[in-house]
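Here the structure comes first, spelled out in structure tokens, and everything after it is commentary.
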Amino acid sequence: MANMLEEISEVDIGSTNVKHKGSRRLRRNGYLVAGGSIVAILVLASLCAPLITPINPNITELSAPLLPIGTPHHWLGTDSLGRDQWTRILYGGRTTLLSGVLASLISTGIGVVFGILAGYSGWFVDTIIMRFMDILMSFPFILLAILIVAFWGPSTFHALLAIAVANVPFFARIIRSEVLKVKELEFITASVAIGASQWRIIVRHVFPMLLPYIISTLFMNIGFMISQTSALSFLGFGTQPPTAEWGAMLAEAQTYLSVRPGVAIAPGIAIVVAVVGFNLLGLGLKKVLSPSAS
């Protein structure tokens with residue numbers, strides 16, 4: 001009985017030590033803490049916009065256009081139509097952040113499928129998929145996205161879909177390279193030797209091995225998607241007026257940069273902060289989820 005109690009206590013102490021090590025590693029991970037904090041603040045501010053400001057983001061005050069930063073009741077000023085900049089930043093975050101997340105999810109999902117198929121299925125399938133990806137990559141990224149939006153018509157959904165499709169080749173190539181490494185591991189070779197099917201190996205072994213890498217890359221990809229969807233909106237191919245979106249707000253502000261540069265500062269900073277936040281979060285997750293993390 002004493003031996004059993006000693007073994008149980010050792011197991012409890014061991015599991016407690018593992019938990020403490022894991023929590024210490026999370027606390028020491030500055031990328032994860034900083035990125036997670038930034039992303040959480042942006043998401044909460046966007047979701048709680050009606051609670052933070054009572055102003056309608058699309059209501060115009062033609063008697064109060066281009067008010068400077070620090071104006072009472074309009075502390076970030078107003079745009080050329082007298083709309084409150086602070087309110088439009090909050091509501092614009094909903095459109096911009098959601099577009100980045102959805103575009104990243106779509107491109108990641110499609111890229112993972114193509115990357116795994118190309119990396120594991122053999123020479124014939126690999127050649128067909130990769131040559132198709134090479135064709136897509138032969139176009140400049142933003143030009144391909146513009147061509148896709150021009151075919152479908154400008155809108156928020158079409159812009160995020162175009163950015164997602166244009167980004168698939170990059171993600172597919174990254175996943176393929178990781179699959180080529182994983183398939184050479186000994187336990188994969190052993191699974192093949194005992195007669196396991198390719199789909200079973202992919203689902204039970206290859207995909208779980210790639211999952212930490214996929215998750216971290218997904219979050220870093222969101223930052224890139226936010227910058228690109230905002231770029232399309234800036235060029236007039238994305239979100240259309242009067243919907244608030246950070247890239248579209250920058251496009252509206254460029255005419256008045258010499259007169260009132262403050263109208264471009266807020267949406268520009270918002271885009272930069274969002275991109276940095278998601279990149280830091282992705283780097284932090286990569287450190288935490290990496291099998292070699294200690």
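For the structure tokens, the naming scheme is as follows: chains receive sequential letters (A, B, ...) according to their order of presentation, residues are indexed from 1 within each chain, and ligands are indexed from 1 in presentation order.
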Assign secondary structure with DSSP using the backbone only, and return the residues of region 173-252 of chain A in helix (DSSP H, G or I) as a PyMOL selection string. chain A and resi 173-182+186-193+198-234+246-252
Using only C-alpha atoms, which protein or nucleic acid residues come within 9 Å of Ile148 (chain A)? Drop anything in the same chain fewer than 2 positions from it, and give the result as a ChimeraX atom specification. /A:143-146,150-153,158-159,161-163,165-166
Atoms kept (N, CA and C atoms) for selection, written as a tab-separated table (two decimals), in the first residue's frame:
chain	number	residue	atom	x	y	z
A	143	LEU	N	-1.97	41.47	-58.59
A	143	LEU	CA	-2.57	41.52	-59.92
A	143	LEU	C	-3.53	40.36	-60.12
A	144	LEU	N	-3.16	39.18	-59.67
A	144	LEU	CA	-4.07	38.03	-59.77
A	144	LEU	C	-5.33	38.28	-58.98
A	145	ALA	N	-5.21	38.84	-57.78
A	145	ALA	CA	-6.38	39.15	-56.97
A	145	ALA	C	-7.28	40.18	-57.67
A	146	ILE	N	-6.66	41.19	-58.28
A	146	ILE	CA	-7.44	42.21	-58.99
A	146	ILE	C	-8.18	41.60	-60.18
A	150	ALA	N	-12.09	41.68	-60.59
A	150	ALA	CA	-12.63	42.34	-61.79
A	150	ALA	C	-13.60	41.42	-62.52
A	151	PHE	N	-13.36	40.12	-62.46
A	151	PHE	CA	-14.25	39.16	-63.11
A	151	PHE	C	-15.57	39.02	-62.33
A	152	TRP	N	-15.48	38.97	-61.00
A	152	TRP	CA	-16.68	38.78	-60.17
A	152	TRP	C	-17.40	40.08	-59.85
A	153	GLY	N	-16.66	41.17	-59.80
A	153	GLY	CA	-17.23	42.45	-59.37
A	153	GLY	C	-16.75	42.82	-57.98
A	158	HIS	N	-16.03	39.17	-52.43
A	158	HIS	CA	-15.23	38.86	-53.61
A	158	HIS	C	-13.75	39.21	-53.39
A	159	ALA	N	-13.50	40.29	-52.65
A	159	ALA	CA	-12.12	40.68	-52.37
A	159	ALA	C	-11.42	39.64	-51.50
A	161	LEU	N	-12.25	36.53	-51.11
A	161	LEU	CA	-12.15	35.29	-51.85
A	161	LEU	C	-11.00	35.35	-52.86
A	162	ALA	N	-10.84	36.50	-53.51
A	162	ALA	CA	-9.76	36.67	-54.48
A	162	ALA	C	-8.40	36.59	-53.80
A	163	ILE	N	-8.26	37.24	-52.66
A	163	ILE	CA	-7.00	37.19	-51.91
A	163	ILE	C	-6.71	35.76	-51.45
A	165	VAL	N	-7.74	32.89	-52.86
A	165	VAL	CA	-7.36	32.07	-54.02
A	165	VAL	C	-5.94	32.39	-54.47
A	166	ALA	N	-5.60	33.68	-54.49
A	166	ALA	CA	-4.27	34.08	-54.93
A	166	ALA	C	-3.18	33.59	-53.96
Could you check the closest approach to Gln228 (chain A) for each of A:Ala266, A:Ile116, A:Leu136, A:Leu97 and tell me which residue wins, using only C-alpha atoms?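 Checking each of A:Ala266, A:Ile116, A:Leu136, A:Leu97 against Gln228 (chain A), counting only C-alpha atoms, the winner is A:Leu97.
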Please provide the set of residues having any atom within 12 Å of Phe132 (chain A), restricted to only C-alpha atoms, with same-chain residues fewer than 6 positions apart removed, written as an MDAnalysis selection string. chainID A and resid 114 118 125:126 138:139 168:170 172:173
